[in-house]
>>> print(open('upload_27.cif').read())   # mmCIF, C-alpha atoms
data_input
loop_
_atom_site.label_atom_id
_atom_site.label_comp_id
_atom_site.auth_asym_id
_atom_site.auth_seq_id
_atom_site.Cartn_x
_atom_site.Cartn_y
_atom_site.Cartn_z
CA MET A 614 201.65 95.64 146.44
CA MET A 615 199.48 96.20 143.38
CA GLY A 616 200.50 99.84 143.37
CA ALA A 617 204.17 98.96 143.20
CA VAL A 618 203.57 96.56 140.30
CA ALA A 619 201.52 99.21 138.49
CA ASP A 620 204.29 101.77 139.02
CA ARG A 621 206.91 99.38 137.63
CA LEU A 622 204.70 98.59 134.65
CA ALA A 623 204.05 102.28 134.00
CA ALA A 624 207.78 103.03 134.24
CA SER A 625 208.56 100.16 131.87
CA LEU A 626 205.96 101.34 129.36
CA GLU A 627 207.24 104.89 129.64
CA SER A 628 210.77 103.63 129.09
CA GLN A 629 209.73 101.64 126.01
CA ALA A 630 207.89 104.66 124.62
CA SER A 631 210.87 106.94 125.20
CA THR A 632 213.19 104.36 123.57
CA ARG A 633 210.89 104.21 120.53
CA GLU A 634 210.73 108.02 120.41
CA PHE A 635 214.51 108.26 120.68
CA GLY A 636 214.88 105.60 117.97
CA SER A 637 212.75 107.49 115.46
CA TRP A 638 214.53 110.77 116.30
CA MET A 639 217.88 109.04 115.85
CA ALA A 640 216.83 107.63 112.48
CA ALA A 641 215.82 111.11 111.34
CA GLU A 642 219.08 112.77 112.45
CA GLN A 643 221.51 109.92 111.89
CA LYS A 644 222.54 110.64 108.31
CA ARG A 645 223.10 114.33 108.96
CA VAL A 646 225.17 113.63 112.07
CA PHE A 647 227.20 110.94 110.31
CA LEU A 648 227.97 113.22 107.36
CA LEU A 649 228.98 116.05 109.68
CA CYS A 650 231.29 113.70 111.60
CA ARG A 651 232.70 112.33 108.36
CA ARG A 652 233.38 115.79 107.02
CA MET A 653 235.08 116.86 110.20
CA LEU A 654 237.09 113.68 110.73
CA GLN A 655 237.74 112.72 107.08
CA ASP A 656 237.48 109.05 107.97
CA ALA A 657 234.31 107.03 107.52
CA GLY A 658 235.21 104.44 110.17
CA GLU A 659 236.00 107.05 112.77
CA ALA A 660 232.90 109.02 111.79
CA ASP A 661 230.85 105.88 112.40
CA SER A 662 232.24 105.60 115.96
CA ALA A 663 231.78 109.33 116.55
CA THR A 664 228.15 109.14 115.40
CA GLN A 665 227.50 106.27 117.78
CA ASP A 666 229.16 108.17 120.63
CA THR A 667 227.06 111.22 119.82
CA PHE A 668 223.75 109.37 120.12
CA ILE A 669 224.86 107.51 123.24
CA LYS A 670 225.83 110.80 124.88
CA ALA A 671 222.52 112.29 123.79
CA TRP A 672 220.56 109.36 125.25
CA ARG A 673 222.39 109.57 128.57
CA SER A 674 221.90 113.30 128.69
CA LEU A 675 218.20 112.99 127.88
CA ASN A 676 217.81 110.53 130.73
CA ARG A 677 219.06 113.17 133.11
CA ALA A 678 216.29 115.44 134.28
CA GLU A 679 218.04 118.73 133.47
CA SER A 680 218.25 118.03 129.73
CA LYS A 681 214.61 117.34 129.11
CA ASP A 682 213.64 120.85 128.08
CA LEU A 683 215.37 121.32 124.77
CA ASP A 684 214.19 124.17 122.60
CA ASP A 685 216.22 123.04 119.59
CA PRO A 686 217.13 119.32 119.73
CA ALA A 687 218.85 119.33 116.31
CA ARG A 688 221.19 122.13 117.35
CA TRP A 689 221.83 120.47 120.69
CA LEU A 690 222.69 117.21 118.92
CA THR A 691 224.96 119.05 116.48
CA ARG A 692 226.81 120.54 119.43
CA ILE A 693 227.37 117.07 120.90
CA ALA A 694 228.55 115.77 117.51
CA VAL A 695 230.96 118.67 116.96
CA ASN A 696 232.43 118.33 120.46
CA THR A 697 232.80 114.58 119.99
CA CYS A 698 234.66 115.18 116.72
CA LEU A 699 236.85 117.87 118.27
CA ASP A 700 237.79 115.48 121.08
CA ARG A 701 238.71 112.84 118.53
CA LEU A 702 240.74 115.33 116.48
CA ARG A 703 242.59 116.42 119.61
CA SER A 704 243.47 112.86 120.55
CA ARG A 705 244.45 112.17 116.94
CA ARG A 706 247.27 114.70 117.27
CA TRP A 707 249.10 112.22 119.49
CA GLN A 708 248.57 109.35 117.08
CA PHE A 709 251.44 110.29 114.77
CA TRP A 710 251.66 106.69 113.57
CA ARG A 711 248.07 106.85 112.33
CA LYS A 712 247.74 106.28 108.58
CA ARG A 713 245.20 108.12 106.50
CA PRO A 714 242.56 105.76 105.16
CA GLU A 715 242.73 105.00 101.47
CA PRO A 716 239.96 106.63 99.43
CA GLU A 717 239.06 103.17 98.07
CA ASP A 718 238.39 101.95 101.62
CA GLU A 719 236.02 104.82 102.17
CA GLN A 720 234.20 103.93 99.00
CA THR A 721 233.43 100.50 100.33
CA ILE A 722 231.55 102.10 103.20
CA LEU A 723 230.02 104.94 101.29
CA GLN A 724 228.81 104.73 97.77
CA LEU A 725 228.88 108.30 96.65
CA ALA A 726 225.87 109.13 94.57
CA PRO A 727 226.23 111.64 91.78
CA ALA A 728 225.33 115.11 92.96
CA ALA A 729 222.26 116.76 91.54
CA GLY A 730 223.32 119.18 88.85
CA PRO A 731 222.85 120.33 85.31
CA ASN A 732 225.38 118.07 83.54
CA ALA A 733 227.69 115.12 84.12
CA GLU A 734 230.89 117.16 83.81
CA ASP A 735 229.74 119.54 86.51
CA LYS A 736 228.82 116.64 88.76
CA ILE A 737 232.23 115.00 88.40
CA PHE A 738 233.98 118.30 88.88
CA ALA A 739 231.92 119.12 91.96
CA GLU A 740 232.71 115.72 93.43
CA GLN A 741 236.43 116.08 92.76
CA ILE A 742 236.66 119.57 94.15
CA GLY A 743 234.50 118.53 97.08
CA GLN A 744 236.99 115.79 97.92
CA ARG A 745 239.90 118.15 97.43
CA LEU A 746 238.29 120.70 99.69
CA ALA A 747 237.57 118.04 102.31
CA THR A 748 241.23 116.96 102.28
CA ALA A 749 242.31 120.58 102.55
CA LEU A 750 240.42 120.87 105.84
CA ASP A 751 243.54 119.39 107.46
CA LYS A 752 245.14 122.78 106.99
CA LEU A 753 242.71 124.31 109.45
CA SER A 754 242.83 124.49 113.21
CA LEU A 755 240.20 122.48 115.07
CA ARG A 756 237.92 125.49 115.67
CA GLN A 757 238.36 126.75 112.12
CA ARG A 758 237.49 123.31 110.82
CA ALA A 759 234.35 123.11 112.94
CA VAL A 760 233.22 126.60 111.93
CA PHE A 761 233.92 125.99 108.25
CA ALA A 762 232.20 122.57 108.23
CA LEU A 763 229.08 123.96 109.88
CA ARG A 764 228.95 126.89 107.49
CA HIS A 765 229.99 125.21 104.25
CA TYR A 766 228.28 121.83 104.56
CA GLU A 767 225.38 122.55 106.88
CA ASP A 768 224.78 126.12 105.68
CA ARG A 769 224.22 127.29 109.24
CA SER A 770 224.05 130.97 110.11
CA LEU A 771 226.97 132.50 111.96
CA ALA A 772 224.74 133.08 115.00
CA ASP A 773 223.77 129.43 114.97
CA ILE A 774 227.40 128.33 114.74
CA ALA A 775 228.26 130.65 117.62
CA GLY A 776 225.54 128.96 119.69
CA ILE A 777 226.70 125.45 118.80
CA LEU A 778 230.35 126.11 119.55
CA ASP A 779 229.65 128.35 122.52
CA LEU A 780 231.61 131.22 120.99
CA ASP A 781 230.67 134.81 120.34
CA ILE A 782 229.78 135.74 116.79
CA GLY A 783 232.90 137.89 116.33
CA THR A 784 235.12 134.92 117.11
CA VAL A 785 233.17 132.78 114.66
CA LYS A 786 233.73 135.41 111.95
CA VAL A 787 237.47 135.48 112.67
CA HIS A 788 237.72 131.67 112.50
CA LEU A 789 235.72 131.58 109.28
CA PHE A 790 237.73 134.38 107.70
CA ARG A 791 241.00 132.60 108.51
CA ALA A 792 239.62 129.29 107.26
CA ILE A 793 238.68 130.89 103.92
CA GLU A 794 242.15 132.42 103.69
CA LYS A 795 243.78 129.03 104.21
CA LEU A 796 241.48 127.33 101.70
CA ARG A 797 241.80 130.12 99.16
CA GLU A 798 243.29 127.95 96.44
CA GLU A 799 240.67 125.20 96.75
CA LEU A 800 237.79 127.65 97.02
CA HIS A 801 239.06 129.56 94.01
CA ASP A 802 239.11 126.38 91.94
CA LEU A 803 235.68 125.45 93.20
CA TYR A 804 233.96 128.72 92.51
CA PHE A 805 235.95 130.58 89.89
CA ARG A 806 237.39 127.89 87.63
CA ASP A 807 234.84 128.71 84.91
CA ARG A 808 235.69 132.38 85.11
CA VAL A 809 239.36 131.63 84.46
CA LYS A 810 238.44 129.43 81.48
CA LYS A 811 236.39 132.23 80.04
CA MET B 1177 229.85 151.48 91.54
CA LYS B 1178 232.59 148.87 91.17
CA HIS B 1179 231.80 145.21 90.53
CA TRP B 1180 232.30 142.76 93.35
CA THR B 1181 235.65 140.98 93.46
CA GLU B 1182 236.18 137.23 93.91
CA ASN B 1183 237.00 137.98 97.49
CA ASP B 1184 233.67 139.77 97.98
CA PHE B 1185 231.76 136.87 96.46
CA GLU B 1186 233.56 134.35 98.66
CA GLN B 1187 232.88 136.35 101.78
CA TRP B 1188 229.22 136.66 100.82
CA LEU B 1189 228.99 132.88 100.28
CA TYR B 1190 230.21 132.26 103.80
CA GLY B 1191 228.10 134.91 105.48
CA LEU B 1192 230.88 137.40 106.08
CA LYS B 1193 229.48 140.00 103.68
CA GLU B 1194 225.93 141.15 102.98
CA GLN B 1195 224.53 141.98 99.55
CA ASP B 1196 224.55 145.71 98.87
CA SER B 1197 222.80 148.13 96.52
CA HIS B 1198 225.25 147.26 93.72
CA THR B 1199 224.38 143.54 93.59
CA GLY B 1200 220.70 144.53 93.58
CA THR B 1201 221.11 146.55 90.42
CA CYS B 1202 224.09 145.00 88.61
CA GLU B 1203 222.96 142.15 86.36
CA GLU B 1204 226.45 140.74 86.03
CA CYS B 1205 227.07 140.53 89.77
CA SER B 1206 223.62 139.15 90.58
CA ALA B 1207 224.09 136.48 87.88
CA GLU B 1208 227.43 135.61 89.47
CA LEU B 1209 225.75 135.28 92.86
CA GLU B 1210 223.27 132.83 91.37
CA ARG B 1211 226.01 130.84 89.68
CA LEU B 1212 228.04 130.63 92.89
CA THR B 1213 225.02 129.52 94.89
CA LEU B 1214 224.41 126.70 92.42
CA THR B 1215 228.08 125.68 92.41
CA ARG B 1216 228.13 125.53 96.20
CA ARG B 1217 224.96 123.45 96.23
CA LEU B 1218 226.63 121.02 93.82
CA ALA B 1219 229.79 120.78 95.87
CA VAL B 1220 228.07 120.10 99.18
CA ALA B 1221 225.37 117.77 97.86
CA GLU B 1222 224.94 114.97 100.36
CA PRO B 1223 226.37 111.64 99.26
CA GLU B 1224 224.02 108.69 99.40
CA ILE B 1225 224.68 106.42 102.33
CA PRO B 1226 223.51 102.81 102.06
CA GLU B 1227 220.51 102.10 104.28
CA GLU B 1228 222.13 98.85 105.49
CA PHE B 1229 225.06 100.83 106.82
CA LEU B 1230 222.76 103.17 108.74
CA ALA B 1231 220.69 100.24 110.06
CA GLU B 1232 223.85 98.48 111.25
CA GLN B 1233 224.96 101.69 112.93
CA ARG B 1234 221.61 101.94 114.76
CA ARG B 1235 221.93 98.32 115.89
CA SER B 1236 225.40 99.07 117.28
CA ILE B 1237 224.05 102.08 119.15
CA TYR B 1238 221.21 100.06 120.70
CA HIS B 1239 223.66 97.30 121.59
CA ARG B 1240 226.00 99.75 123.29
CA LEU B 1241 223.11 101.37 125.13
CA GLN B 1242 221.95 98.00 126.41
CA ASN B 1243 225.45 97.03 127.54
CA ALA B 1244 225.94 100.40 129.18
CA GLY B 1245 222.96 99.67 131.44
CA ARG B 1246 224.45 96.37 132.54
CA ASN B 1247 227.95 97.42 133.33
CA PHE B 1248 229.16 97.34 136.90
CA ALA B 1249 231.07 100.55 137.14
CA PRO B 1250 231.29 100.65 140.97
CA LEU B 1251 232.52 97.03 141.04
CA ARG B 1252 235.20 97.92 138.50
CA TRP B 1253 236.44 100.62 140.83
CA ALA B 1254 236.39 98.24 143.78
CA VAL B 1255 238.48 95.66 141.88
CA SER B 1256 240.98 98.34 140.82
CA LEU B 1257 241.20 99.58 144.41
CA ALA B 1258 241.73 96.07 145.75
CA VAL B 1259 244.55 95.43 143.27
CA LEU B 1260 246.16 98.75 144.17
CA LEU B 1261 245.94 97.97 147.88
CA ALA B 1262 247.47 94.52 147.34
CA VAL B 1263 250.39 96.08 145.46
CA VAL B 1264 250.94 98.71 148.15
CA VAL B 1265 250.79 96.13 150.95
CA SER B 1266 253.16 93.75 149.15
CA LEU B 1267 255.65 96.58 148.65
CA THR B 1268 255.53 97.98 152.18
CA LEU B 1269 255.38 94.72 154.16
CA PRO B 1270 259.01 93.57 153.64
CA LEU B 1271 260.27 97.02 154.63
CA SER B 1272 258.45 97.07 157.96
CA LYS B 1273 259.49 93.54 158.90
CA LYS B 1274 261.60 93.61 162.11
CA PRO B 1275 264.30 91.05 162.91
CA THR B 1276 262.93 88.42 165.28
CA LEU B 1277 264.79 87.02 168.29
CA PRO B 1278 265.44 83.30 168.44
CA LEU B 1279 262.56 81.58 170.09
CA THR B 1280 263.00 79.66 173.34
CA ASN B 1281 260.63 77.18 174.73
CA ASP B 1282 258.82 77.57 178.06
CA GLU B 1283 260.95 75.00 179.92
CA GLN B 1284 264.18 76.77 179.08
CA LEU B 1285 262.69 80.08 180.16
CA TYR B 1286 261.57 78.68 183.53
CA SER B 1287 264.94 77.03 184.22
CA ASP B 1288 266.76 80.30 183.43
CA LEU B 1289 264.49 82.20 185.77
CA ALA B 1290 264.99 79.62 188.53
CA ARG B 1291 268.77 79.79 188.15
CA ILE B 1292 268.75 83.56 188.43
CA GLU B 1293 266.56 83.37 191.50
CA GLN B 1294 268.80 80.76 193.24
CA THR B 1295 272.07 82.69 192.89
CA ASP B 1296 272.74 85.50 195.40
CA GLU B 1297 274.98 87.49 193.17
CA PRO B 1298 273.85 89.23 190.08
CA LYS B 1299 274.95 87.68 186.81
CA ALA B 1300 277.08 90.68 185.98
CA ILE B 1301 279.53 89.71 188.79
CA GLN B 1302 280.52 86.43 187.05
CA PRO B 1303 283.15 87.99 184.72
CA LEU B 1304 284.84 89.57 187.80
CA HIS B 1305 285.07 86.20 189.50
CA ASN B 1306 286.65 84.75 186.42
CA LEU B 1307 289.47 87.31 186.68
CA PHE B 1308 290.63 85.90 190.03
CA GLU B 1309 290.31 82.26 189.14
CA GLU B 1310 293.55 80.49 188.35
#
>>> encode(input="upload_27.cif", output="structure tokens")
Amino acid sequence: MMGAVADRLAASLESQASTREFGSWMAAEQKRVFLLCRRMLQDAGEADSATQDTFIKAWRSLNRAESKDLDDPARWLTRIAVNTCLDRLRSRRWQFWRKRPEPEDEQTILQLAPAAGPNAEDKIFAEQIGQRLATALDKLSLRQRAVFALRHYEDRSLADIAGILDLDIGTVKVHLFRAIEKLREELHDLYFRDRVKK
Amino acid sequence: MKHWTENDFEQWLYGLKEQDSHTGTCEECSAELERLTLTRRLAVAEPEIPEEFLAEQRRSIYHRLQNAGRNFAPLRWAVSLAVLLAVVVSLTLPLSKKPTLPLTNDEQLYSDLARIEQTDEPKAIQPLHNLFEE
């Protein structure tokens, strides 16, 4: 009798501890995951839902015995986030009536802080071109978008991206190459505008 | 050796091209690499997200996790199955319904049986008798 009570108490304490541990891990990863989702989905509201789904999936998976040994939790979480976003992008294809959110609406959710840089003009320019580039991601296929987002925004190595997306590195290179080709105009303006002026 | 082109620089930025001996020695190209690195850092700088928004998001996650533990998934399936069965039964029942014969009470049945028993001739003979009656 006492043993059963002690077991329940131990399980409850263990559960509370794991919830606390998960909570602090979530707080540490939350912003990164949200930004990744936002960059992939281009919609703050949808990115919010995707971020929530990501952590809920992670929690459920962690509660299953087979997922307890994770050598790289951040990468594992990124994989869940990317797959969640890809699922949403796939289902979005059928929602032809869906309207793009107004940039002003996004601003109410996110107050963009000025980027760190040498002068105000550069900051404004970087912000503008960043938004233009983000909008241009619609030109890319789902895989190209995922590869480009992970490389451009998260600065992940190609091997890392291959691991996250479960692709071989050659395929990642092809996707990235094609993505750069499609974004040529935006990337040119981002990186070589000054050269043209000179 | 020739200077790197815009294409080369772009590919290097995205990990598709490695630096070579030229960029190691050419001041112009190495300065361009530095400039591009800085530009990219500016363009991908993380926007600030209000802490209240993140806290609200965490609360939603906890709320959903709590509700997920309380849901009755098997019961949901049972309800769906019951509804499906009810629909199937209601659709098939009228089809399998057979026409019923008019009911007779017990007394009528017994009197019919007694009449049959009392007559010597089978009932089928009666129409033949009727032929010879004037």
>>> resolve_selection(input="upload_27.cif", expression="the PyMOL selection byres ((chain B and resi 1180) around 10)", output="ChimeraX atom specification")
/B:1177-1179,1181-1185,1195-1196,1198-1199,1202,1204-1206,1208-1209
>>> resolve_selection(input="upload_27.cif", expression="the PyMOL selection byres ((chain A and resi 685-694) around 9)", output="number ranges by chain")
A: 642, 646-647, 649-650, 663-664, 666-668, 670-671, 683-684, 695-699, 773, 776-779
>>> resolve_selection(input="upload_27.cif", expression="the PyMOL selection byres ((chain A and resi 774) around 12)", output="PyMOL selection string")
(chain A and resi 688-689+691-692+695+756-765+767-773+775-786+788-789) or (chain B and resi 1190-1191)
>>> closest_residue(input="upload_27.cif", among="B:Asp1282, B:Asp1288, B:Glu1203, B:Glu1210", to="chain A", atoms="only C-alpha atoms")
B:Glu1210
>>> atom_distance(input="upload_27.cif", atom1="atom CA of Ala1219 of chain B", atom2="atom CA of Gln655 of chain A")
15.9 Å
>>> closest_atom_pairs(input="upload_27.cif", of="chain B", to="chain A", cutoff="12 Å", atoms="all atoms listed in the file", output="JSON lines")
{"residue": "B:Thr1181", "atom": "CA", "partner": "A:Phe805", "partner_atom": "CA", "distance": 11.0}
{"residue": "B:Glu1182", "atom": "CA", "partner": "A:Phe805", "partner_atom": "CA", "distance": 7.8}
{"residue": "B:Asn1183", "atom": "CA", "partner": "A:His801", "partner_atom": "CA", "distance": 9.3}
{"residue": "B:Asp1184", "atom": "CA", "partner": "A:Ile793", "partner_atom": "CA", "distance": 11.8}
{"residue": "B:Phe1185", "atom": "CA", "partner": "A:Tyr804", "partner_atom": "CA", "distance": 9.3}
{"residue": "B:Glu1186", "atom": "CA", "partner": "A:Leu800", "partner_atom": "CA", "distance": 8.1}
{"residue": "B:Gln1187", "atom": "CA", "partner": "A:Phe790", "partner_atom": "CA", "distance": 7.9}
{"residue": "B:Trp1188", "atom": "CA", "partner": "A:Phe790", "partner_atom": "CA", "distance": 11.2}
{"residue": "B:Leu1189", "atom": "CA", "partner": "A:His765", "partner_atom": "CA", "distance": 8.7}
{"residue": "B:Tyr1190", "atom": "CA", "partner": "A:Arg764", "partner_atom": "CA", "distance": 6.6}
{"residue": "B:Gly1191", "atom": "CA", "partner": "A:Leu771", "partner_atom": "CA", "distance": 7.0}
{"residue": "B:Leu1192", "atom": "CA", "partner": "A:Lys786", "partner_atom": "CA", "distance": 6.8}
{"residue": "B:Lys1193", "atom": "CA", "partner": "A:Lys786", "partner_atom": "CA", "distance": 10.4}
{"residue": "B:Glu1208", "atom": "CA", "partner": "A:Arg808", "partner_atom": "CA", "distance": 9.9}
{"residue": "B:Leu1209", "atom": "CA", "partner": "A:Tyr804", "partner_atom": "CA", "distance": 10.5}
{"residue": "B:Glu1210", "atom": "CA", "partner": "A:Tyr804", "partner_atom": "CA", "distance": 11.5}
{"residue": "B:Arg1211", "atom": "CA", "partner": "A:Tyr804", "partner_atom": "CA", "distance": 8.7}
{"residue": "B:Leu1212", "atom": "CA", "partner": "A:Tyr804", "partner_atom": "CA", "distance": 6.2}
{"residue": "B:Thr1213", "atom": "CA", "partner": "A:Tyr804", "partner_atom": "CA", "distance": 9.3}
{"residue": "B:Leu1214", "atom": "CA", "partner": "A:Gly730", "partner_atom": "CA", "distance": 8.4}
{"residue": "B:Thr1215", "atom": "CA", "partner": "A:Tyr804", "partner_atom": "CA", "distance": 6.6}
{"residue": "B:Arg1216", "atom": "CA", "partner": "A:Tyr804", "partner_atom": "CA", "distance": 7.6}
{"residue": "B:Arg1217", "atom": "CA", "partner": "A:Ala729", "partner_atom": "CA", "distance": 8.6}
{"residue": "B:Leu1218", "atom": "CA", "partner": "A:Ala739", "partner_atom": "CA", "distance": 5.9}
{"residue": "B:Ala1219", "atom": "CA", "partner": "A:Ala739", "partner_atom": "CA", "distance": 4.8}
{"residue": "B:Val1220", "atom": "CA", "partner": "A:Tyr766", "partner_atom": "CA", "distance": 5.7}
{"residue": "B:Ala1221", "atom": "CA", "partner": "A:Ala728", "partner_atom": "CA", "distance": 5.6}
{"residue": "B:Glu1222", "atom": "CA", "partner": "A:Ala728", "partner_atom": "CA", "distance": 7.4}
{"residue": "B:Pro1223", "atom": "CA", "partner": "A:Leu725", "partner_atom": "CA", "distance": 4.9}
{"residue": "B:Glu1224", "atom": "CA", "partner": "A:Ala726", "partner_atom": "CA", "distance": 5.2}
{"residue": "B:Ile1225", "atom": "CA", "partner": "A:Leu723", "partner_atom": "CA", "distance": 5.6}
{"residue": "B:Pro1226", "atom": "CA", "partner": "A:Leu723", "partner_atom": "CA", "distance": 6.9}
{"residue": "B:Glu1227", "atom": "CA", "partner": "A:Lys644", "partner_atom": "CA", "distance": 9.7}
{"residue": "B:Glu1228", "atom": "CA", "partner": "A:Ile722", "partner_atom": "CA", "distance": 10.2}
{"residue": "B:Phe1229", "atom": "CA", "partner": "A:Ile722", "partner_atom": "CA", "distance": 7.5}
{"residue": "B:Leu1230", "atom": "CA", "partner": "A:Lys644", "partner_atom": "CA", "distance": 7.5}
{"residue": "B:Ala1231", "atom": "CA", "partner": "A:Ala640", "partner_atom": "CA", "distance": 8.7}
{"residue": "B:Glu1232", "atom": "CA", "partner": "A:Asp661", "partner_atom": "CA", "distance": 10.3}
{"residue": "B:Gln1233", "atom": "CA", "partner": "A:Gln665", "partner_atom": "CA", "distance": 7.1}
{"residue": "B:Arg1234", "atom": "CA", "partner": "A:Ala640", "partner_atom": "CA", "distance": 7.8}
{"residue": "B:Arg1235", "atom": "CA", "partner": "A:Gln665", "partner_atom": "CA", "distance": 9.9}
{"residue": "B:Ser1236", "atom": "CA", "partner": "A:Gln665", "partner_atom": "CA", "distance": 7.5}
{"residue": "B:Ile1237", "atom": "CA", "partner": "A:Gln665", "partner_atom": "CA", "distance": 5.6}
{"residue": "B:Tyr1238", "atom": "CA", "partner": "A:Ile669", "partner_atom": "CA", "distance": 8.7}
{"residue": "B:His1239", "atom": "CA", "partner": "A:Ile669", "partner_atom": "CA", "distance": 10.4}
{"residue": "B:Arg1240", "atom": "CA", "partner": "A:Ile669", "partner_atom": "CA", "distance": 7.8}
{"residue": "B:Leu1241", "atom": "CA", "partner": "A:Ile669", "partner_atom": "CA", "distance": 6.7}
{"residue": "B:Gln1242", "atom": "CA", "partner": "A:Ile669", "partner_atom": "CA", "distance": 10.4}
{"residue": "B:Asn1243", "atom": "CA", "partner": "A:Ile669", "partner_atom": "CA", "distance": 11.3}
{"residue": "B:Ala1244", "atom": "CA", "partner": "A:Ile669", "partner_atom": "CA", "distance": 9.3}
{"residue": "B:Gly1245", "atom": "CA", "partner": "A:Arg673", "partner_atom": "CA", "distance": 10.3}
>>> write_last_selection(input="upload_27.cif", atoms="C-alpha atoms", output="PDB file, keeping the file's coordinate frame")
ATOM      1  CA  THR B1181     235.650 140.980  93.460  1.00  0.00           C
ATOM      2  CA  GLU B1182     236.180 137.230  93.910  1.00  0.00           C
ATOM      3  CA  ASN B1183     237.000 137.980  97.490  1.00  0.00           C
ATOM      4  CA  ASP B1184     233.670 139.770  97.980  1.00  0.00           C
ATOM      5  CA  PHE B1185     231.760 136.870  96.460  1.00  0.00           C
ATOM      6  CA  GLU B1186     233.560 134.350  98.660  1.00  0.00           C
ATOM      7  CA  GLN B1187     232.880 136.350 101.780  1.00  0.00           C
ATOM      8  CA  TRP B1188     229.220 136.660 100.820  1.00  0.00           C
ATOM      9  CA  LEU B1189     228.990 132.880 100.280  1.00  0.00           C
ATOM     10  CA  TYR B1190     230.210 132.260 103.800  1.00  0.00           C
ATOM     11  CA  GLY B1191     228.100 134.910 105.480  1.00  0.00           C
ATOM     12  CA  LEU B1192     230.880 137.400 106.080  1.00  0.00           C
ATOM     13  CA  LYS B1193     229.480 140.000 103.680  1.00  0.00           C
ATOM     14  CA  GLU B1208     227.430 135.610  89.470  1.00  0.00           C
ATOM     15  CA  LEU B1209     225.750 135.280  92.860  1.00  0.00           C
ATOM     16  CA  GLU B1210     223.270 132.830  91.370  1.00  0.00           C
ATOM     17  CA  ARG B1211     226.010 130.840  89.680  1.00  0.00           C
ATOM     18  CA  LEU B1212     228.040 130.630  92.890  1.00  0.00           C
ATOM     19  CA  THR B1213     225.020 129.520  94.890  1.00  0.00           C
ATOM     20  CA  LEU B1214     224.410 126.700  92.420  1.00  0.00           C
ATOM     21  CA  THR B1215     228.080 125.680  92.410  1.00  0.00           C
ATOM     22  CA  ARG B1216     228.130 125.530  96.200  1.00  0.00           C
ATOM     23  CA  ARG B1217     224.960 123.450  96.230  1.00  0.00           C
ATOM     24  CA  LEU B1218     226.630 121.020  93.820  1.00  0.00           C
ATOM     25  CA  ALA B1219     229.790 120.780  95.870  1.00  0.00           C
ATOM     26  CA  VAL B1220     228.070 120.100  99.180  1.00  0.00           C
ATOM     27  CA  ALA B1221     225.370 117.770  97.860  1.00  0.00           C
ATOM     28  CA  GLU B1222     224.940 114.970 100.360  1.00  0.00           C
ATOM     29  CA  PRO B1223     226.370 111.640  99.260  1.00  0.00           C
ATOM     30  CA  GLU B1224     224.020 108.690  99.400  1.00  0.00           C
ATOM     31  CA  ILE B1225     224.680 106.420 102.330  1.00  0.00           C
ATOM     32  CA  PRO B1226     223.510 102.810 102.060  1.00  0.00           C
ATOM     33  CA  GLU B1227     220.510 102.100 104.280  1.00  0.00           C
ATOM     34  CA  GLU B1228     222.130  98.850 105.490  1.00  0.00           C
ATOM     35  CA  PHE B1229     225.060 100.830 106.820  1.00  0.00           C
ATOM     36  CA  LEU B1230     222.760 103.170 108.740  1.00  0.00           C
ATOM     37  CA  ALA B1231     220.690 100.240 110.060  1.00  0.00           C
ATOM     38  CA  GLU B1232     223.850  98.480 111.250  1.00  0.00           C
ATOM     39  CA  GLN B1233     224.960 101.690 112.930  1.00  0.00           C
ATOM     40  CA  ARG B1234     221.610 101.940 114.760  1.00  0.00           C
ATOM     41  CA  ARG B1235     221.930  98.320 115.890  1.00  0.00           C
ATOM     42  CA  SER B1236     225.400  99.070 117.280  1.00  0.00           C
ATOM     43  CA  ILE B1237     224.050 102.080 119.150  1.00  0.00           C
ATOM     44  CA  TYR B1238     221.210 100.060 120.700  1.00  0.00           C
ATOM     45  CA  HIS B1239     223.660  97.300 121.590  1.00  0.00           C
ATOM     46  CA  ARG B1240     226.000  99.750 123.290  1.00  0.00           C
ATOM     47  CA  LEU B1241     223.110 101.370 125.130  1.00  0.00           C
ATOM     48  CA  GLN B1242     221.950  98.000 126.410  1.00  0.00           C
ATOM     49  CA  ASN B1243     225.450  97.030 127.540  1.00  0.00           C
ATOM     50  CA  ALA B1244     225.940 100.400 129.180  1.00  0.00           C
ATOM     51  CA  GLY B1245     222.960  99.670 131.440  1.00  0.00           C
TER      52      GLY B1245
END
